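**Q** Before anything else, here's the structure in question.
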Amino acid sequence: MGNADTKLHFRKAVVQLTTKTQPIDAGDESFWDQFWGEHTTTSQDVFALIPAAEIRSLREEAPSNLATLCYKAVEKLVRAADTGCSTSQEQNIVLNCVRILTRVLPYIFEDPDWRGFFWSSLPAGGDDGDDDDNAHAEPLPLAHSLINALCDLLFCPDFTVSPNKKSGPDKHEDLQSIDSCEYIWEAGVGFAHSPPHVPAHDSNRTQLLKLILTCFSQTIYQPGPDPNDAGNRWIAAFTCADNRHALPLFTSLVNTVCGYNPGGLGVPYNHLLFWDHREPLVEVALQILITALDRDVTAGLPGWDQNGPGDNLFINYLSRIHREEDLSFVLRGFTRLLNNPLQQTYLPHSTKKLTCHQELLVFFWKFCDYNKKFLFYVLKSSDVLDILVPILYHLNDARADQSRVGLMHIGVFILLLLSGERNFGVRLNKPYTASVPMDIPVFTGTHADLMIIVFHKIITTGHQRLQPLFDCLLTILVNVSPYIKTMSMVGANKLVHLLEAFSTPWFLLSAPHHHHLVFFLLETFNNIIQYQFDGNSNLVYTIIRKRQVFHALANLPTDHSTISKSLARRGKRLPPTRHPSTDSTRNPPTMEGATPALPAQPGTHTASLPAMPGLEKMTEKESAHPTTQQLDQLTHADPSKVGTEASDEVIGSSPPPPGTTVQPPTLPSSPQPTLDGLTLQDKGGDERGSSPTQSQGCDWSVGGGQDSENEATPSSTPRDPSVTPHDPSWTPTPAWVSGWKSKLPLQTIMRLLQVLVPQVEKICIDKGLTDESEILRFLQHGTLVGLLPVPHPILIRKYQANAGTATWFRTYMWGVIYLRNVDPPIWYDTDVKLFEIQRV
């Protein structure tokens with residue numbers, strides 16, 4: 001606000017409104033004008049001068065006054081849209097109304113009795129809907145009037161866009177008849193003209209979009225997932241055909257995000273010298289896009305008008321982008337913005353660093369999910385590596401920070417999606433030049449090596465709550481392994497070390513799903529040996545050098561006494577009478593990387609989200625290169641079984657029991673550290689009251705750990721009917737071990753060792769070799785053609801969307817938006833239901 005007197009007058013008006021218990025006449029313009037009159041406000045002042053306690057008091061004790069305040073503010077916005085908002089005074093009134101509604105709306109959403117207020121008809125005599133679509137016989141609900149007015153104002157010449165042609169003040173363009181497609185904010189997809197950048201217009205757009213985002217936030221005040229949930233009618237109204245600005249709005253938002261260059265003209269420290277008015281606009285545009293593209297919140301809304309909500313036009317438009325130049329523009333935008341935090345210069349802190357990478361990753365995910373042409377365009381060019389490297393950077397950087405669990409998952413899911421396509425594996429063979437600051441071993445190799453090294457670091461040094469991701473990480477490696485032409489010695493050592501860690505008897509026997517990790521790794525080795533043997537002498541040499549790991553796995557004891565001894569070393573004793581035992585991995589590990597790192601120390605950051613479905617529910621199996629024999633089998637066998645080896649019977653899990661639901665994690669004994677002073681935890685159900693058998697799929701803590709009696713189901717379950725996978729008191733039996741041990745795909749590796757080990761030993765003895773380079777040279781020129789078993793078909797596990805991941809994405813997305821909007825803190829101190837906020 002302009003000065004102390006103006007703040008004082010505004011504060012007095014707020015006090016008058018909140019202390020009067022009698023309804024204030026809506027026609028008392030002199031009173032209501034105090035809130036949005038000629039004075040100039042800022043969002044920070046409005047949030048400071050209207051305390052949360054007073055809004056709640058107004059809502060409970062004088063509800064008619066709160067209703068009138070909202071109605072009058074919407075009325076002012078509709079009137080401004082009708083008149084064209086041509087004067088600075090009208091524009092000032094609009095911004096004041098927008099700030100007040102942004103402040104008040106969250107407190108309306110948090111009360112279930114108030115959520116229907118904006119969807120009721122306007123008071124008699126209201127002129128808000130008079131000039132709207134004449135097809136509506138009845139007045140529009142207040143929410144429709146608000147959304148329509150805000151969308152009109154987002155294309156208002158001299159307020160949010162630059163006018164195309166100069167006209168006198170008396171001939172200002174009518175917003176009701178304006179062709180907003182001529183006023184798209186930025187050149188890019190479907191629009192070649194680049195309008196001038198006006199900082200005031202960017203600021204006005206940002207504030208209007210903040211209010212729209214606040215309208216969308218009704219989702220976070222409803223516990224999810226609820227089968228009786230009516231969906232988000234605000235998002236449906238914004239993205240349906242009734243919004244005549246849907247196309248130019250979608251185009252403006254996409255082009256604003258993808259056309260943004262935080263580096264500007266490349267002048268060092270320019271972000272310290274000049275305020276970047278575009279960055280706040282880009283961030284809120286990104287948040288509007290990812291929330292508007294949430295399909296489930298707009299589908300099947302009950303109580304809608306007879307025409308139905310219609311399709312989500314934002315998803316429709318996104319899926320139809322197909323021109324090469326448009327796809328190139330979008331991909332360049334993603335690579336530029338995702339690589340921005342990774343840029344290094346000789347001058348420290350000389351370039352602007354963006355912090356919206358989490359929203360960018362969600363947007364990239366949605367773009368690939370809804371537009372397969374874009375996904376294939378990304379994969380056919382080596383630009384996909386410019387997406388891969390920043391994802392690996394963030395995964396490596398966030399692995400020990402419990403507050404960034406969500407970031408770890410979104411990164412892994414994107415890589416799982418990409419790895420389902422052959423081109424991704426082929427692109428990984430491009431050499432990697434160390435241009436990104438990552439604390440990983442120095443190596444000379446390809447992007448495949450980089451991915452293996454980062455995954456190894458996540459598994460061996462990440463915090464314990466990442467264990468549910470191990471299946472996904474190894475699935476990605478399995479998917480790309482048939483295409484890895486050369487692997488560095490560092491990458492080969494890391495890969496074999498993972499098998500060494502996961503095949504440790506105490507780890508294999510401590511949980512019913514741990515052996516699946518071994519199956520994934522053996523399948524990875526088999527793919528490389530069968531399809532890329534010639535260029536992978538480093539891996540073959542490492543397998544030979546570490547052959548005792550494979551022999552130990554093949555000779556794993558299955559008798560009761562040995563199983564008991566293996567578990568006893570780790571603190572889990574197996575009683576002869578098989579009484580339940582719950583503590584499996586209490587002592588510190590004996591081998592680096594054999595178990596995940598210990599939990600982060602108190603005071604570090606954490607965040608929990610809804611339980612993810614198991615890997616088997618997120619992927620579908622496809623044969624990558626069917627042979628003639630396989631094609632013949634396709635006509636005689638179930639297509640889903642083609643290309644599945646015996647090991648898949650163990651790796652896959654049986655279908656979930658009827659009534660299985662996704663429940664939140666249960667960590668009652670774990671402290672909840674903070675995330676920027678707050679902790680996000682899903683509140684989708686009663687944590688204490690839910691049975692462990694209710695949760696299907698990944699939990700967010702280590703299976704078999706100290707809290708195992710309260711944890712959800714591991715990510716995969718064995719098919720052995722004698723095993724009760726959901727029972728935390730589960731203990732291994734000789735029959736269970738024998739069941740999966742007999743299906744270990746060790747034939748290829750054992751044959752390789754049988755042929756090559758004597759040859760290598762003979763060369764070493766004959767030539768007195770002590771240098772491994774000579775052995776590697778021998779292996780490079782060797783061949784196993786005709787000596788190995790018949791090559792197995794390549795099996796790709798492709799990502800498949802499901803309701804569990806949709807729920808997870810929604811919670812994660814809104815959690816990020818909640819924490820990123822701190823100036824002003826739109827949702828701070830409100831009763832959020834979608835996740836839990838803990839303040840320290």
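Just so we're on the same page: first chain in the structure tokens is A, next is B, and so on; residues restart at 1 for each chain, and ligands are numbered from 1 in the order they show up.
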I'd like to know which residues of range 334-496 of chain A are alpha helix (DSSP H) (by DSSP, run on the backbone); could you write them as a VMD selection string?
**A** chain A and resid 334 to 339 357 to 370 372 to 380 384 to 398 405 to 419 422 to 427 447 to 461 470 to 480 489 to 496
**Q** Out of A:Lys457, A:His39, A:Lys372, A:Lys430, which residue has the shortest atom-to-atom distance to Leu395 in chain A when counting only C-alpha atoms?
**A** A:Lys457
**Q** With only C-alpha atoms as the basis for distance, which of A:Ser121, A:Ser57, A:Ser30, A:Ser403 is at the shortest distance from Gly815 in chain A?
**A** A:Ser403
**Q** Point out the residue among A:Ile212, A:Leu318, A:Leu415, A:Ile235 with the least atom-to-atom distance to Leu247 in chain A, counting only C-alpha atoms.
**A** A:Leu318
**Q** Please determine, counting only C-alpha atoms, which residue among A:Val189, A:Cys356, A:Val104, A:Ala81 has the shortest atom-to-atom distance to Cys156 in chain A.
**A**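 Ranking A:Val189, A:Cys356, A:Val104, A:Ala81 by distance to Cys156 in chain A, first place goes to A:Ala81.
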**Q** Select, from A:Gly37, A:Gly259, A:Asn243, A:Arg751, the residue with the minimum atom-to-atom distance to Ala192 in chain A, counting only C-alpha atoms.
**A** A:Gly259
**Q** Would you pick out the contacts of Val785 in chain A at 10 Å or less, using only C-alpha atoms, so that residues sharing its chain but fewer than 4 positions from it are not included, and give the list as a list in words?
**A**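 The residues satisfying every condition are Gln530, Phe533 and Pro789 of chain A.
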**Q** Using the selection just defined, write its residues with N, CA and C atoms as a PDB file, in the first residue's frame.
**A**
ATOM      1  N   GLN A 530      24.277 -62.040 -23.903  1.00  0.00           N
ATOM      2  CA  GLN A 530      23.680 -62.654 -25.086  1.00  0.00           C
ATOM      3  C   GLN A 530      23.666 -61.719 -26.292  1.00  0.00           C
ATOM      4  N   PHE A 533      27.903 -59.048 -26.235  1.00  0.00           N
ATOM      5  CA  PHE A 533      29.105 -59.639 -25.654  1.00  0.00           C
ATOM      6  C   PHE A 533      30.381 -58.981 -26.190  1.00  0.00           C
ATOM      7  N   PRO A 789      23.871 -70.805 -24.173  1.00  0.00           N
ATOM      8  CA  PRO A 789      22.506 -71.279 -24.438  1.00  0.00           C
ATOM      9  C   PRO A 789      21.833 -70.419 -25.507  1.00  0.00           C
TER      10      PRO A 789
END
**Q** Calculated over only C-alpha atoms, which of the candidates A:Arg103, A:Pro732, A:Leu787, A:Ile387 has the smallest distance to Gln44 in chain A?
**A**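 Of all the options, A:Arg103 lies closest to Gln44 in chain A.
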**Q** Please list as a ChimeraX atom specification every residue within 7 Å of Lys210 in chain A, counting only C-alpha atoms and excluding residues in the same chain fewer than 4 positions away.
**A** /A:206,214,284
**Q** Near Asn423 in chain A, counting only C-alpha atoms, which residues have an atom at most 10 Å away, once you skip same-chain residues fewer than 6 positions from it, shown as JSON, numbers by chain?
**A** {"A": [376, 378, 379, 380, 381, 382, 384, 480, 483]}
**Q** In Å, rounded to a single decimal, give me how far CA of Val832 in chain A is from CA of Leu281 in chain A.
**A**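 Taking CA of Leu281 in chain A as the start and CA of Val832 in chain A as the end point, the length is 25.1 Å.
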**Q** Fewer than 2 positions away in the same chain doesn't count, so skip those; otherwise give me all residues within 12 Å of Ser738 in chain A, counting only C-alpha atoms, as number ranges by chain.
**A** A: 509, 515, 554-560, 563, 650, 720, 732-736, 740-744
**Q** Any idea what's packed within 10 Å of Trp827 in chain A, counting only C-alpha atoms, ignoring anything in its chain fewer than 3 positions away? Could you give it as an NGL selection string?
**A** :A and (102-103 or 105-107 or 214 or 217 or 220 or 817-819 or 821-822 or 824 or 830-832)
**Q** Quote the spacing between CA of Val540 in chain A and CA of Val496 in chain A in Å to one decimal place.
**A**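 Between these atoms lies a distance of 10.3 Å.
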